[in-house]
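Trainee: File follows, final.txt with compact mmCIF, C-alpha atoms:
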```
# COMPACT_ATOMS: atom_id res chain seq x y z
CA MET A 1 -11.13 30.32 -31.93
CA LYS A 2 -13.89 32.43 -30.39
CA GLU A 3 -13.43 33.38 -26.77
CA LEU A 4 -15.63 31.32 -24.47
CA ILE A 5 -16.92 32.54 -21.14
CA VAL A 6 -17.28 29.61 -18.77
CA GLY A 7 -19.04 29.80 -15.42
CA VAL A 8 -17.48 27.68 -12.69
CA SER A 9 -18.92 27.19 -9.22
CA GLY A 10 -17.25 25.69 -6.16
CA ILE A 11 -14.50 28.33 -6.06
CA ASN A 12 -14.33 27.94 -2.28
CA ALA A 13 -10.69 26.87 -2.15
CA ILE A 14 -10.76 26.32 1.61
CA ASP A 15 -9.90 23.43 3.94
CA ASN A 16 -12.87 21.55 2.50
CA PRO A 17 -12.19 22.70 -1.05
CA GLY A 18 -14.74 22.93 -3.81
CA PRO A 19 -13.66 21.66 -7.23
CA GLY A 20 -13.98 25.03 -8.99
CA ILE A 21 -10.43 26.36 -8.83
CA GLY A 22 -8.97 23.11 -10.15
CA VAL A 23 -11.51 23.14 -12.97
CA ALA A 24 -10.80 26.81 -13.78
CA ARG A 25 -7.03 26.28 -13.74
CA SER A 26 -7.43 23.34 -16.08
CA LEU A 27 -9.43 25.41 -18.55
CA LYS A 28 -6.83 28.18 -18.44
CA GLU A 29 -4.08 25.66 -19.18
CA ASP A 30 -5.55 24.65 -22.53
CA ALA A 31 -3.50 27.03 -24.67
CA GLU A 32 -5.83 26.65 -27.65
CA LEU A 33 -9.02 27.42 -25.75
CA LYS A 34 -9.56 31.11 -25.20
CA VAL A 35 -11.47 30.97 -21.94
CA LYS A 36 -12.61 33.59 -19.51
CA ILE A 37 -13.72 32.23 -16.16
CA VAL A 38 -16.77 33.50 -14.35
CA GLY A 39 -16.73 32.40 -10.73
CA LEU A 40 -20.15 31.62 -9.28
CA ALA A 41 -19.84 32.22 -5.54
CA TYR A 42 -22.20 31.80 -2.59
CA ASP A 43 -20.10 33.59 0.01
CA ALA A 44 -18.07 36.77 -0.28
CA MET A 45 -15.18 35.02 1.43
CA GLU A 46 -14.77 32.31 -1.21
CA PRO A 47 -11.07 32.63 -2.08
CA GLY A 48 -11.67 32.15 -5.81
CA ILE A 49 -13.31 35.59 -5.97
CA TYR A 50 -9.93 37.13 -5.16
CA MET A 51 -7.77 34.83 -7.31
CA ASP A 52 -7.83 37.07 -10.36
CA TRP A 53 -5.17 35.05 -12.17
CA VAL A 54 -7.62 32.15 -12.30
CA VAL A 55 -11.07 33.74 -12.08
CA ASP A 56 -11.66 36.72 -14.37
CA LYS A 57 -14.99 37.84 -12.94
CA SER A 58 -17.07 36.64 -10.01
CA TYR A 59 -20.76 36.91 -9.24
CA MET A 60 -22.53 36.22 -6.00
CA MET A 61 -25.25 33.65 -6.54
CA PRO A 62 -28.51 33.00 -4.70
CA TYR A 63 -28.72 29.55 -3.14
CA PRO A 64 -30.02 26.94 -5.58
CA SER A 65 -33.13 26.27 -3.53
CA GLY A 66 -36.88 26.38 -4.15
CA ASN A 67 -38.05 26.27 -7.74
CA GLY A 68 -34.80 27.79 -8.95
CA ASP A 69 -36.32 30.83 -10.68
CA THR A 70 -34.05 33.31 -8.87
CA PHE A 71 -31.02 31.16 -9.57
CA ILE A 72 -31.74 30.90 -13.29
CA GLU A 73 -32.54 34.63 -13.46
CA ARG A 74 -29.13 35.36 -11.97
CA LEU A 75 -27.43 33.23 -14.61
CA LEU A 76 -29.35 35.06 -17.34
CA HIS A 77 -28.33 38.38 -15.77
CA ILE A 78 -24.69 37.30 -15.99
CA LYS A 79 -25.22 36.21 -19.58
CA GLN A 80 -26.67 39.59 -20.48
CA ASN A 81 -24.19 41.77 -18.62
CA TYR A 82 -20.88 39.94 -18.92
CA GLY A 83 -21.47 36.96 -21.17
CA LEU A 84 -21.81 33.29 -20.27
CA ASP A 85 -21.44 30.55 -22.87
CA CYS A 86 -21.19 27.51 -20.64
CA VAL A 87 -21.43 26.53 -16.98
CA ILE A 88 -19.61 23.72 -15.19
CA PRO A 89 -21.50 23.30 -11.90
CA ASN A 90 -19.27 21.70 -9.30
CA LEU A 91 -21.48 21.53 -6.22
CA ASP A 92 -23.93 18.72 -5.47
CA ALA A 93 -26.73 21.05 -4.43
CA GLU A 94 -26.69 22.86 -7.80
CA LEU A 95 -26.89 19.83 -10.01
CA PRO A 96 -30.64 19.09 -9.88
CA LEU A 97 -31.39 22.67 -10.98
CA PHE A 98 -28.82 22.70 -13.77
CA ILE A 99 -30.09 19.34 -15.01
CA LYS A 100 -33.72 20.42 -14.80
CA TYR A 101 -33.11 23.68 -16.65
CA ALA A 102 -30.41 22.45 -19.07
CA ASP A 103 -32.64 22.92 -22.13
CA ASP A 104 -33.84 26.35 -21.03
CA LEU A 105 -30.29 27.48 -20.40
CA ALA A 106 -29.20 26.10 -23.78
CA ALA A 107 -32.03 28.05 -25.40
CA HIS A 108 -30.48 31.17 -23.88
CA GLY A 109 -27.04 30.23 -25.17
CA ILE A 110 -25.69 28.77 -21.92
CA ARG A 111 -24.43 25.24 -22.48
CA THR A 112 -23.88 22.52 -19.91
CA PHE A 113 -22.60 18.97 -20.23
CA LEU A 114 -24.38 16.99 -17.56
CA PRO A 115 -26.11 13.67 -16.97
CA GLY A 116 -29.87 13.48 -17.34
CA MET A 117 -32.11 13.36 -14.25
CA GLU A 118 -32.42 9.56 -14.41
CA GLN A 119 -28.64 9.17 -14.56
CA PHE A 120 -28.26 11.70 -11.77
CA LYS A 121 -30.54 9.68 -9.51
CA LEU A 122 -28.21 6.70 -9.89
CA ARG A 123 -25.79 8.43 -7.57
CA GLY A 124 -28.17 7.86 -4.67
CA LYS A 125 -26.56 5.42 -2.28
CA ASP A 126 -29.77 3.41 -2.36
CA ARG A 127 -29.14 2.76 -6.07
CA LEU A 128 -25.53 1.59 -5.82
CA LEU A 129 -26.65 -2.03 -5.60
CA ASP A 130 -28.16 -1.77 -9.09
CA ILE A 131 -24.96 -0.23 -10.42
CA SER A 132 -22.52 -2.63 -8.79
CA ALA A 133 -24.40 -5.60 -10.20
CA LYS A 134 -24.00 -4.24 -13.72
CA ILE A 135 -20.35 -3.18 -13.66
CA ASN A 136 -18.61 -6.08 -11.98
CA ILE A 137 -17.68 -4.31 -8.79
CA SER A 138 -18.42 -5.33 -5.20
CA LEU A 139 -20.65 -3.42 -2.86
CA PRO A 140 -20.25 -3.70 0.90
CA ARG A 141 -23.28 -5.58 2.30
CA THR A 142 -25.97 -2.94 2.20
CA LYS A 143 -29.52 -2.56 3.51
CA VAL A 144 -31.82 0.34 2.71
CA VAL A 145 -34.05 1.11 5.70
CA THR A 146 -36.87 3.51 6.49
CA SER A 147 -37.57 2.67 10.14
CA VAL A 148 -35.73 1.97 13.39
CA ASP A 149 -37.02 -1.61 13.24
CA GLY A 150 -35.48 -1.90 9.79
CA LEU A 151 -32.24 -0.44 11.13
CA LEU A 152 -32.09 -2.99 13.95
CA LYS A 153 -32.76 -5.84 11.54
CA ALA A 154 -30.04 -4.54 9.20
CA ILE A 155 -27.52 -4.37 12.06
CA GLU A 156 -28.44 -7.91 13.03
CA ASP A 157 -27.88 -9.11 9.46
CA ILE A 158 -24.68 -7.16 8.77
CA GLY A 159 -23.08 -7.16 12.23
CA LEU A 160 -21.37 -4.26 13.99
CA PRO A 161 -19.65 -1.99 13.22
CA VAL A 162 -21.76 -0.54 10.41
CA MET A 163 -21.77 2.62 8.34
CA VAL A 164 -25.02 4.58 8.65
CA LYS A 165 -25.43 6.82 5.62
CA GLY A 166 -27.82 9.41 4.29
CA SER A 167 -29.11 8.74 0.82
CA PHE A 168 -26.98 11.50 -0.68
CA TYR A 169 -24.78 12.98 2.01
CA LYS A 170 -22.96 12.09 5.19
CA ALA A 171 -21.91 8.80 6.63
CA TYR A 172 -21.11 7.75 10.16
CA ARG A 173 -19.30 4.70 11.43
CA SER A 174 -21.27 3.17 14.29
CA PHE A 175 -19.73 0.73 16.73
CA THR A 176 -22.82 0.16 18.85
CA THR A 177 -26.54 -0.16 18.18
CA ALA A 178 -27.23 2.94 20.28
CA GLU A 179 -24.74 4.91 18.21
CA ALA A 180 -26.34 3.68 14.98
CA ILE A 181 -29.84 4.68 16.18
CA SER A 182 -28.57 8.15 17.10
CA HIS A 183 -26.94 8.62 13.68
CA TYR A 184 -30.10 7.26 12.03
CA HIS A 185 -32.24 9.97 13.65
CA ASP A 186 -29.71 12.72 12.85
CA LEU A 187 -29.59 11.71 9.20
CA VAL A 188 -33.37 11.41 8.88
CA ALA A 189 -33.76 14.88 10.39
CA GLU A 190 -31.19 16.39 8.05
CA TRP A 191 -31.64 14.50 4.78
CA GLY A 192 -34.80 12.46 5.08
CA TYR A 193 -35.37 8.82 4.06
CA PRO A 194 -34.12 6.31 3.16
CA ILE A 195 -31.12 5.52 5.31
CA ILE A 196 -28.43 3.14 4.15
CA VAL A 197 -26.82 0.67 6.51
CA GLN A 198 -23.61 -0.75 5.21
CA GLN A 199 -20.87 -3.19 6.16
CA VAL A 200 -17.59 -1.48 7.07
CA VAL A 201 -14.90 -2.46 4.59
CA THR A 202 -11.23 -1.70 5.01
CA GLY A 203 -8.54 -1.25 2.39
CA ASP A 204 -6.95 1.41 0.22
CA GLU A 205 -9.09 4.41 -0.65
CA MET A 206 -8.94 4.75 -4.42
CA ASN A 207 -10.89 7.16 -6.58
CA VAL A 208 -11.42 7.70 -10.28
CA VAL A 209 -12.28 10.96 -11.99
CA GLY A 210 -13.79 10.52 -15.41
CA LEU A 211 -15.81 12.12 -18.16
CA GLY A 212 -18.44 10.31 -20.21
CA ASP A 213 -19.64 11.48 -23.61
CA GLY A 214 -23.26 10.38 -23.07
CA GLU A 215 -22.98 7.73 -25.77
CA GLY A 216 -21.15 5.12 -23.75
CA ASN A 217 -17.62 6.33 -24.44
CA SER A 218 -15.00 7.69 -22.10
CA LEU A 219 -13.52 11.12 -22.75
CA GLY A 220 -10.80 10.35 -20.23
CA LEU A 221 -10.28 8.98 -16.74
CA VAL A 222 -7.58 8.88 -14.10
CA GLY A 223 -7.32 6.57 -11.08
CA ILE A 224 -5.67 7.66 -7.86
CA LYS A 225 -4.95 6.40 -4.40
CA LYS A 226 -5.24 8.74 -1.44
CA LEU A 227 -1.97 8.75 0.47
CA SER A 228 -3.01 11.20 3.16
CA ILE A 229 -6.21 12.99 4.03
CA THR A 230 -7.15 15.98 6.19
CA ALA A 231 -9.20 15.85 9.37
CA LEU A 232 -12.22 16.46 7.13
CA GLY A 233 -11.34 13.40 5.08
CA LYS A 234 -10.19 15.40 2.05
CA ILE A 235 -7.22 14.28 -0.02
CA TRP A 236 -3.96 16.07 0.77
CA THR A 237 -1.52 13.83 -1.05
CA GLY A 238 -2.18 11.13 -3.60
CA VAL A 239 -0.61 9.03 -6.31
CA THR A 240 -1.89 7.95 -9.71
CA VAL A 241 -2.62 4.23 -9.96
CA LYS A 242 -3.73 1.82 -12.61
CA ASN A 243 -5.83 -0.70 -10.77
CA GLU A 244 -7.10 -2.66 -13.74
CA LYS A 245 -10.19 -4.02 -12.03
CA MET A 246 -11.26 -0.56 -10.86
CA LEU A 247 -10.61 1.09 -14.22
CA ALA A 248 -12.47 -1.70 -16.04
CA ALA A 249 -15.47 -1.19 -13.75
CA VAL A 250 -15.40 2.55 -14.51
CA ALA A 251 -15.31 1.89 -18.25
CA ASP A 252 -18.29 -0.44 -17.75
CA PHE A 253 -20.07 2.28 -15.77
CA ILE A 254 -19.67 4.82 -18.58
CA ARG A 255 -20.74 2.29 -21.22
CA GLU A 256 -23.62 0.70 -19.31
CA PHE A 257 -25.22 3.93 -18.12
CA LYS A 258 -24.16 6.12 -21.06
CA TRP A 259 -22.91 8.62 -18.54
CA ARG A 260 -22.72 12.19 -19.78
CA GLY A 261 -20.45 14.62 -18.01
CA PRO A 262 -17.92 14.45 -15.21
CA PHE A 263 -18.05 12.02 -12.31
CA GLU A 264 -16.00 10.61 -9.47
CA LEU A 265 -16.16 7.00 -8.33
CA GLU A 266 -15.01 6.38 -4.77
CA CYS A 267 -13.80 2.86 -4.07
CA ILE A 268 -12.09 0.84 -1.39
CA VAL A 269 -9.68 -1.77 -2.70
CA HIS A 270 -8.86 -4.75 -0.51
CA ASP A 271 -6.47 -7.26 -2.12
CA ASP A 272 -8.13 -8.06 -5.45
CA GLU A 273 -11.60 -6.91 -4.48
CA VAL A 274 -12.87 -3.46 -5.43
CA PHE A 275 -15.77 -2.08 -3.39
CA LEU A 276 -17.91 0.75 -4.70
CA ILE A 277 -18.51 3.34 -1.98
CA GLU A 278 -19.94 6.37 -3.72
CA ILE A 279 -20.55 8.05 -7.06
CA ASN A 280 -20.35 11.84 -7.33
CA PRO A 281 -21.88 13.26 -10.54
CA ARG A 282 -19.40 16.12 -10.84
CA PHE A 283 -15.70 16.89 -10.82
CA PRO A 284 -13.99 16.15 -7.49
CA ALA A 285 -11.91 18.80 -5.71
CA TRP A 286 -8.72 17.03 -6.80
CA SER A 287 -9.54 17.01 -10.52
CA TYR A 288 -6.53 19.22 -11.35
CA PHE A 289 -4.49 16.08 -10.60
CA ALA A 290 -5.79 14.61 -13.87
CA THR A 291 -4.83 17.77 -15.75
CA GLY A 292 -1.37 17.60 -14.20
CA VAL A 293 -0.82 14.11 -15.60
CA GLY A 294 -1.94 15.13 -19.08
CA ILE A 295 -5.70 14.47 -19.05
CA ASN A 296 -7.42 17.85 -18.96
CA LEU A 297 -11.00 16.77 -18.37
CA PRO A 298 -12.58 20.25 -17.95
CA SER A 299 -11.05 21.33 -21.26
CA ARG A 300 -12.27 18.15 -22.93
CA LEU A 301 -15.74 18.78 -21.48
CA VAL A 302 -15.91 22.31 -22.90
CA ARG A 303 -14.58 21.18 -26.25
CA ARG A 304 -17.20 18.45 -26.39
CA ALA A 305 -19.98 20.82 -25.33
CA PHE A 306 -19.06 23.18 -28.19
CA ASP A 307 -18.35 20.46 -30.77
CA LEU A 308 -14.72 21.53 -30.90
CA PRO A 309 -12.00 18.99 -31.73
CA VAL A 310 -11.30 16.60 -28.85
CA ALA A 311 -8.00 14.70 -29.11
CA PRO A 312 -8.11 10.92 -28.63
CA VAL A 313 -8.17 9.93 -24.96
CA PRO A 314 -4.58 10.21 -23.72
CA ASP A 315 -2.98 7.72 -21.34
CA TYR A 316 -1.47 8.65 -18.01
CA GLU A 317 1.43 7.34 -16.03
CA ALA A 318 0.97 5.54 -12.71
CA GLY A 319 3.21 6.83 -9.93
CA LYS A 320 2.66 10.58 -10.32
CA LEU A 321 2.38 12.40 -7.03
CA PHE A 322 -0.24 14.99 -6.03
CA ILE A 323 0.58 17.36 -3.20
CA ARG A 324 -1.83 20.02 -2.03
CA TYR A 325 -0.29 23.05 -0.33
CA THR A 326 -1.38 26.22 1.38
CA TYR A 327 -0.80 29.69 -0.04
CA GLU A 328 -1.88 33.20 0.82
CA LEU A 329 -2.80 36.32 -1.10
CA VAL A 330 -3.15 39.88 0.12
CA THR A 331 -5.57 42.22 -1.57
CA ASP A 332 -7.61 45.34 -1.00
CA MET A 333 -10.85 45.38 0.98
CA ALA A 334 -12.47 47.04 -2.06
CA ALA A 335 -12.87 43.63 -3.69
CA PHE A 336 -14.69 42.31 -0.62
CA GLN A 337 -16.84 45.44 -0.54
CA LYS A 338 -17.83 44.89 -4.20
CA ALA A 339 -18.71 41.28 -3.47
CA ILE A 340 -21.10 42.19 -0.65
CA THR A 341 -22.56 45.42 -2.07
CA LYS A 342 -22.57 44.92 -5.85
CA GLY A 343 -22.56 41.12 -5.87
CA GLU A 344 -19.81 41.04 -8.45
CA VAL A 345 -16.02 41.41 -8.55
CA PRO A 346 -14.31 43.29 -10.10
CA MET B 1 5.98 -13.76 -10.46
CA GLN B 2 3.35 -11.97 -12.50
CA LYS B 3 2.85 -9.35 -9.79
CA LEU B 4 6.59 -8.67 -9.59
CA SER B 5 6.78 -8.10 -13.32
CA HIS B 6 4.24 -5.27 -13.05
CA LEU B 7 6.27 -3.31 -10.51
CA ALA B 8 8.09 -0.15 -11.47
CA ILE B 9 11.59 -0.34 -10.00
CA ASN B 10 14.38 2.16 -10.41
CA ALA B 11 18.14 1.67 -10.08
CA GLU B 12 18.12 2.92 -6.46
CA GLY B 13 15.70 0.19 -5.41
CA PHE B 14 12.59 2.34 -5.17
CA ILE B 15 9.63 0.12 -5.97
CA PHE B 16 6.19 1.35 -6.99
CA ASN B 17 3.17 -0.89 -7.44
CA PRO B 18 1.02 0.84 -10.10
CA SER B 19 -1.99 -1.27 -9.21
CA THR B 20 -2.13 -0.48 -5.51
CA GLY B 21 -0.15 2.77 -5.29
CA ASP B 22 2.10 1.24 -2.63
CA SER B 23 5.79 2.10 -2.65
CA PHE B 24 8.79 0.42 -1.03
CA GLN B 25 12.50 0.92 -0.73
CA ALA B 26 14.63 -2.19 -1.23
CA SER B 27 18.26 -2.58 -0.23
CA GLN B 28 20.75 -3.45 -2.97
CA SER B 29 20.70 -7.14 -2.02
CA GLY B 30 16.88 -7.05 -1.95
CA LEU B 31 16.90 -5.47 -5.38
CA ASP B 32 19.23 -8.24 -6.62
CA ILE B 33 16.75 -10.85 -5.34
CA ILE B 34 13.77 -9.11 -6.94
CA ASN B 35 15.59 -8.80 -10.25
CA GLY B 36 16.54 -12.48 -10.05
CA LEU B 37 12.94 -13.48 -9.39
CA ARG B 38 11.70 -11.24 -12.20
CA GLU B 39 14.20 -12.85 -14.57
CA GLY B 40 12.83 -16.27 -13.60
CA ARG B 41 16.06 -17.50 -11.98
CA SER B 42 15.97 -20.43 -9.58
CA ASP B 43 16.50 -19.93 -5.83
CA GLU B 44 19.87 -21.65 -6.14
CA GLU B 45 20.99 -19.28 -8.89
CA ILE B 46 19.87 -16.24 -6.90
CA ALA B 47 21.57 -17.49 -3.72
CA ARG B 48 24.83 -18.10 -5.61
CA LYS B 49 24.69 -14.60 -7.11
CA LEU B 50 24.27 -13.20 -3.61
CA THR B 51 27.40 -15.07 -2.46
CA ASP B 52 29.27 -13.67 -5.50
CA ASN B 53 28.28 -10.09 -4.73
CA TYR B 54 28.27 -10.04 -0.94
CA ASP B 55 30.35 -11.48 1.86
CA VAL B 56 27.84 -14.16 2.78
CA SER B 57 27.85 -17.96 2.91
CA VAL B 58 25.56 -19.87 0.57
CA GLU B 59 23.58 -21.15 3.58
CA ASN B 60 22.97 -17.63 4.82
CA ALA B 61 22.15 -16.46 1.30
CA ARG B 62 19.51 -19.22 1.00
CA ARG B 63 18.04 -18.26 4.37
CA ASP B 64 18.04 -14.54 3.45
CA LEU B 65 16.35 -15.36 0.18
CA ALA B 66 13.65 -17.38 1.97
CA ASP B 67 13.11 -14.54 4.47
CA PHE B 68 12.95 -11.95 1.74
CA ARG B 69 10.52 -14.07 -0.24
CA GLY B 70 8.31 -14.20 2.88
CA SER B 71 8.45 -10.40 3.11
CA LEU B 72 7.46 -10.04 -0.52
CA LYS B 73 4.57 -12.42 0.05
CA SER B 74 3.35 -10.56 3.12
CA LEU B 75 3.46 -7.32 1.12
CA GLY B 76 1.38 -8.93 -1.62
CA LEU B 77 4.14 -8.58 -4.18
CA ILE B 78 4.34 -12.27 -5.10
```
Could you express the structure from this file as structure tokens?
Mentor:
Amino acid sequence: MKELIVGVSGINAIDNPGPGIGVARSLKEDAELKVKIVGLAYDAMEPGIYMDWVVDKSYMMPYPSGNGDTFIERLLHIKQNYGLDCVIPNLDAELPLFIKYADDLAAHGIRTFLPGMEQFKLRGKDRLLDISAKINISLPRTKVVTSVDGLLKAIEDIGLPVMVKGSFYKAYRSFTTAEAISHYHDLVAEWGYPIIVQQVVTGDEMNVVGLGDGEGNSLGLVGIKKLSITALGKIWTGVTVKNEKMLAAVADFIREFKWRGPFELECIVHDDEVFLIEINPRFPAWSYFATGVGINLPSRLVRRAFDLPVAPVPDYEAGKLFIRYTYELVTDMAAFQKAITKGEVP
Amino acid sequence: MQKLSHLAINAEGFIFNPSTGDSFQASQSGLDIINGLREGRSDEEIARKLTDNYDVSVENARRDLADFRGSLKSLGLI
């Protein structure tokens, strides 16, 4: 099998970890895939740059802002100078660019396996109502507002406390109207309109990582429950679960929306009711958990992207434990120097 | 007892609910009760088995069974 060079972003394995290292490790663990990992980094202190047993080569990237020309040029530079057959973008901010330029990148021999722009827009929290109605999953009572008057009306309808959420990022629990108005203004200033006002639901936090083939079929999925989280709300320990209602809703999601690429569904399960909280159109930071229980989704993605054989979707066992831990490495400053002066390591 | 039948239980009484991710540790007598319920035995049969295995009167065994059943219910296991 030809060696494949796969670009992976989100190699910031920090206290708020990006998904990249888990994705890269997964690719390395497919013994039949000959993969070299190119780390796409935005900061010279991203630990993945220095983890040479996982990331073979790292490049500093420009931020994926503006029209994206500089970003795409950088990818083409990597292609020309090191080689780049495929990219798995793992950060939200990169996805619109990668989706927009997917055909151009493919024309230059850089493959991706992502949802289309219409599918991508479904992740907006203002679209979750449409999704929940189609996949037999509950949504906390939700109002989409674009004014303070609308916010006040929504609070009156839903009742306090409420979650005040940006369309794509950030969410704040608000116990008073004044608190909600303050969060509303902060979110508008940072992320713009609309703002989502949502009922607070309690229960077990359960997530699913999955991969759709773009034709309505699943290439694999794993459900987990978060057992403990960090102060930043990131999973620290978890356990695999098979909540039938949640997994059925995910299968419906893949089929109904012909989802292509990786995704994470965040849910809250209370008794027999499953609430949809969020959809992330990328691998989550804990996606190595799925690999650890026998469902190597990054490897399956690359195989699918290159029309290589993909084994039938394997099953996983409920009751497998995930434990994140801290670790340190010591290296020479030369690597850091290369990252900031040359923009590539080694 | 459908929920009970879905539980993963090992010989040491560690119970895992694959649907919710919850886990519990049952005592040996609790495990005996759960196994009895999973096997579809009547309360009387389970209480008598408890008196056979433990130094307990049938009245106390019945009361323990009722208490334990209440615990299982509050945990959403039955």
Trainee: Give as a ChimeraX atom specification every residue of chain A that touches chain B within 9 Å, counting all atoms listed in the file.
Mentor: /A:204,206,224-227,238-244,269,271,317-319
Trainee: Extract, using all atoms listed in the file, all DNA, RNA and protein residues at most 9 Å from A:Asn90, discarding same-chain residues fewer than 3 positions from it, and format them as a ChimeraX atom specification.
Mentor: /A:8-11,18-20,23,93-95,281-285
Trainee: Please list, as a list in words, the residues that have an atom at most 8 Å away from (-3.4, 15.8, -24.8) in the coordinates of this file, counting only C-alpha atoms.
Mentor: Gly294, Ile295, Asn296, Ala311, Pro312, Val313 and Pro314 of chain A
Trainee: So what do you get for atom CA of A:Gly39 versus atom CA of A:Leu76, distance-wise?
Mentor: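 Distance between the two atoms: 14.5 Å.
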Trainee: Identify, on the basis of all atoms listed in the file, every residue whose closest approach to stretch 247-259 of chain A does not exceed 8 Å; exclude the query and any residue fewer than 3 positions from it along the same chain; express the result as a PyMOL selection string.
Mentor: chain A and resi 115+119+131+134-137+208+211-218+223+242-244+265
Trainee: Take the residues from that selection and put them in a file with C-alpha atoms, as a PDB file, in the frame of the given file.
Mentor:
```pdb
ATOM      1  CA  PRO A 115     -26.110  13.670 -16.970  1.00  0.00           C
ATOM      2  CA  GLN A 119     -28.640   9.170 -14.560  1.00  0.00           C
ATOM      3  CA  ILE A 131     -24.960  -0.230 -10.420  1.00  0.00           C
ATOM      4  CA  LYS A 134     -24.000  -4.240 -13.720  1.00  0.00           C
ATOM      5  CA  ILE A 135     -20.350  -3.180 -13.660  1.00  0.00           C
ATOM      6  CA  ASN A 136     -18.610  -6.080 -11.980  1.00  0.00           C
ATOM      7  CA  ILE A 137     -17.680  -4.310  -8.790  1.00  0.00           C
ATOM      8  CA  VAL A 208     -11.420   7.700 -10.280  1.00  0.00           C
ATOM      9  CA  LEU A 211     -15.810  12.120 -18.160  1.00  0.00           C
ATOM     10  CA  GLY A 212     -18.440  10.310 -20.210  1.00  0.00           C
ATOM     11  CA  ASP A 213     -19.640  11.480 -23.610  1.00  0.00           C
ATOM     12  CA  GLY A 214     -23.260  10.380 -23.070  1.00  0.00           C
ATOM     13  CA  GLU A 215     -22.980   7.730 -25.770  1.00  0.00           C
ATOM     14  CA  GLY A 216     -21.150   5.120 -23.750  1.00  0.00           C
ATOM     15  CA  ASN A 217     -17.620   6.330 -24.440  1.00  0.00           C
ATOM     16  CA  SER A 218     -15.000   7.690 -22.100  1.00  0.00           C
ATOM     17  CA  GLY A 223      -7.320   6.570 -11.080  1.00  0.00           C
ATOM     18  CA  LYS A 242      -3.730   1.820 -12.610  1.00  0.00           C
ATOM     19  CA  ASN A 243      -5.830  -0.700 -10.770  1.00  0.00           C
ATOM     20  CA  GLU A 244      -7.100  -2.660 -13.740  1.00  0.00           C
ATOM     21  CA  LEU A 265     -16.160   7.000  -8.330  1.00  0.00           C
TER      22      LEU A 265
END
```
Trainee: For the atom pair atom CA of B:Glu59 and atom CA of B:Arg41, what is the interatomic distance in Å to one decimal place?
Mentor: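 We find that atom CA of B:Glu59 and atom CA of B:Arg41 lie 17.7 Å from each other.
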Trainee: Fewer than 4 positions away in the same chain doesn't count, so skip those; otherwise give me all residues within 10 Å of B:Asn10, counting all atoms listed in the file, as an NGL selection string.
Mentor: :B and (14-16 or 25 or 31)
Trainee: To box stretch 204-211 of chain A, take all atoms listed in the file, fit an axis-aligned box, add 4 Å on each side, and give centre and edge lengths in Å to one decimal, as AutoDock Vina command-line options.
Mentor:
```
--center_x -11.4 --center_y 6.8 --center_z -9.0 --size_x 16.9 --size_y 18.7 --size_z 26.4
```
Trainee: Would you compute the distance between atom CA of A:Lys125 and atom CA of A:Arg111? Give it in Å to one decimal.
Mentor: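 Atom CA of A:Lys125 sits 28.4 Å away from atom CA of A:Arg111.
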Trainee: Rank B:Ile9, B:Ile78, B:Leu50, B:Leu4 by their smallest atom-to-atom distance to B:Arg63, using all atoms listed in the file, and report the top residue only.
Mentor: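 Counting all atoms listed in the file, the residue closest to B:Arg63 is B:Leu50.
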Trainee: Using all atoms listed in the file, which residue out of A:Asp52, A:Glu3, A:Asp130, A:Glu32 lies closest to A:Asp85?
Mentor: A:Glu3
Trainee: Would you mind putting back N, CA and C atoms on stretch 36-45 of chain B, then writing it out as a PDB file, in the frame of the given file?
Mentor:
```
ATOM      1  N   GLY B  36      16.377 -11.057  -9.756  1.00  0.00           N
ATOM      2  CA  GLY B  36      16.540 -12.480 -10.050  1.00  0.00           C
ATOM      3  C   GLY B  36      15.195 -13.168 -10.211  1.00  0.00           C
ATOM      4  N   LEU B  37      14.269 -12.864  -9.308  1.00  0.00           N
ATOM      5  CA  LEU B  37      12.940 -13.480  -9.390  1.00  0.00           C
ATOM      6  C   LEU B  37      12.222 -13.032 -10.663  1.00  0.00           C
ATOM      7  N   ARG B  38      12.351 -11.747 -10.993  1.00  0.00           N
ATOM      8  CA  ARG B  38      11.700 -11.240 -12.200  1.00  0.00           C
ATOM      9  C   ARG B  38      12.278 -11.879 -13.462  1.00  0.00           C
ATOM     10  N   GLU B  39      13.560 -12.213 -13.400  1.00  0.00           N
ATOM     11  CA  GLU B  39      14.200 -12.850 -14.570  1.00  0.00           C
ATOM     12  C   GLU B  39      13.931 -14.350 -14.607  1.00  0.00           C
ATOM     13  N   GLY B  40      13.212 -14.853 -13.604  1.00  0.00           N
ATOM     14  CA  GLY B  40      12.830 -16.270 -13.600  1.00  0.00           C
ATOM     15  C   GLY B  40      13.955 -17.193 -13.139  1.00  0.00           C
ATOM     16  N   ARG B  41      14.944 -16.650 -12.433  1.00  0.00           N
ATOM     17  CA  ARG B  41      16.060 -17.500 -11.980  1.00  0.00           C
ATOM     18  C   ARG B  41      15.620 -18.383 -10.813  1.00  0.00           C
ATOM     19  N   SER B  42      16.302 -19.514 -10.671  1.00  0.00           N
ATOM     20  CA  SER B  42      15.970 -20.430  -9.580  1.00  0.00           C
ATOM     21  C   SER B  42      16.524 -19.858  -8.272  1.00  0.00           C
ATOM     22  N   ASP B  43      16.008 -20.390  -7.136  1.00  0.00           N
ATOM     23  CA  ASP B  43      16.500 -19.930  -5.830  1.00  0.00           C
ATOM     24  C   ASP B  43      18.001 -20.176  -5.708  1.00  0.00           C
ATOM     25  N   GLU B  44      18.456 -21.310  -6.238  1.00  0.00           N
ATOM     26  CA  GLU B  44      19.870 -21.650  -6.140  1.00  0.00           C
ATOM     27  C   GLU B  44      20.725 -20.639  -6.904  1.00  0.00           C
ATOM     28  N   GLU B  45      20.251 -20.259  -8.088  1.00  0.00           N
ATOM     29  CA  GLU B  45      20.990 -19.280  -8.890  1.00  0.00           C
ATOM     30  C   GLU B  45      21.047 -17.928  -8.174  1.00  0.00           C
TER      31      GLU B  45
END
```
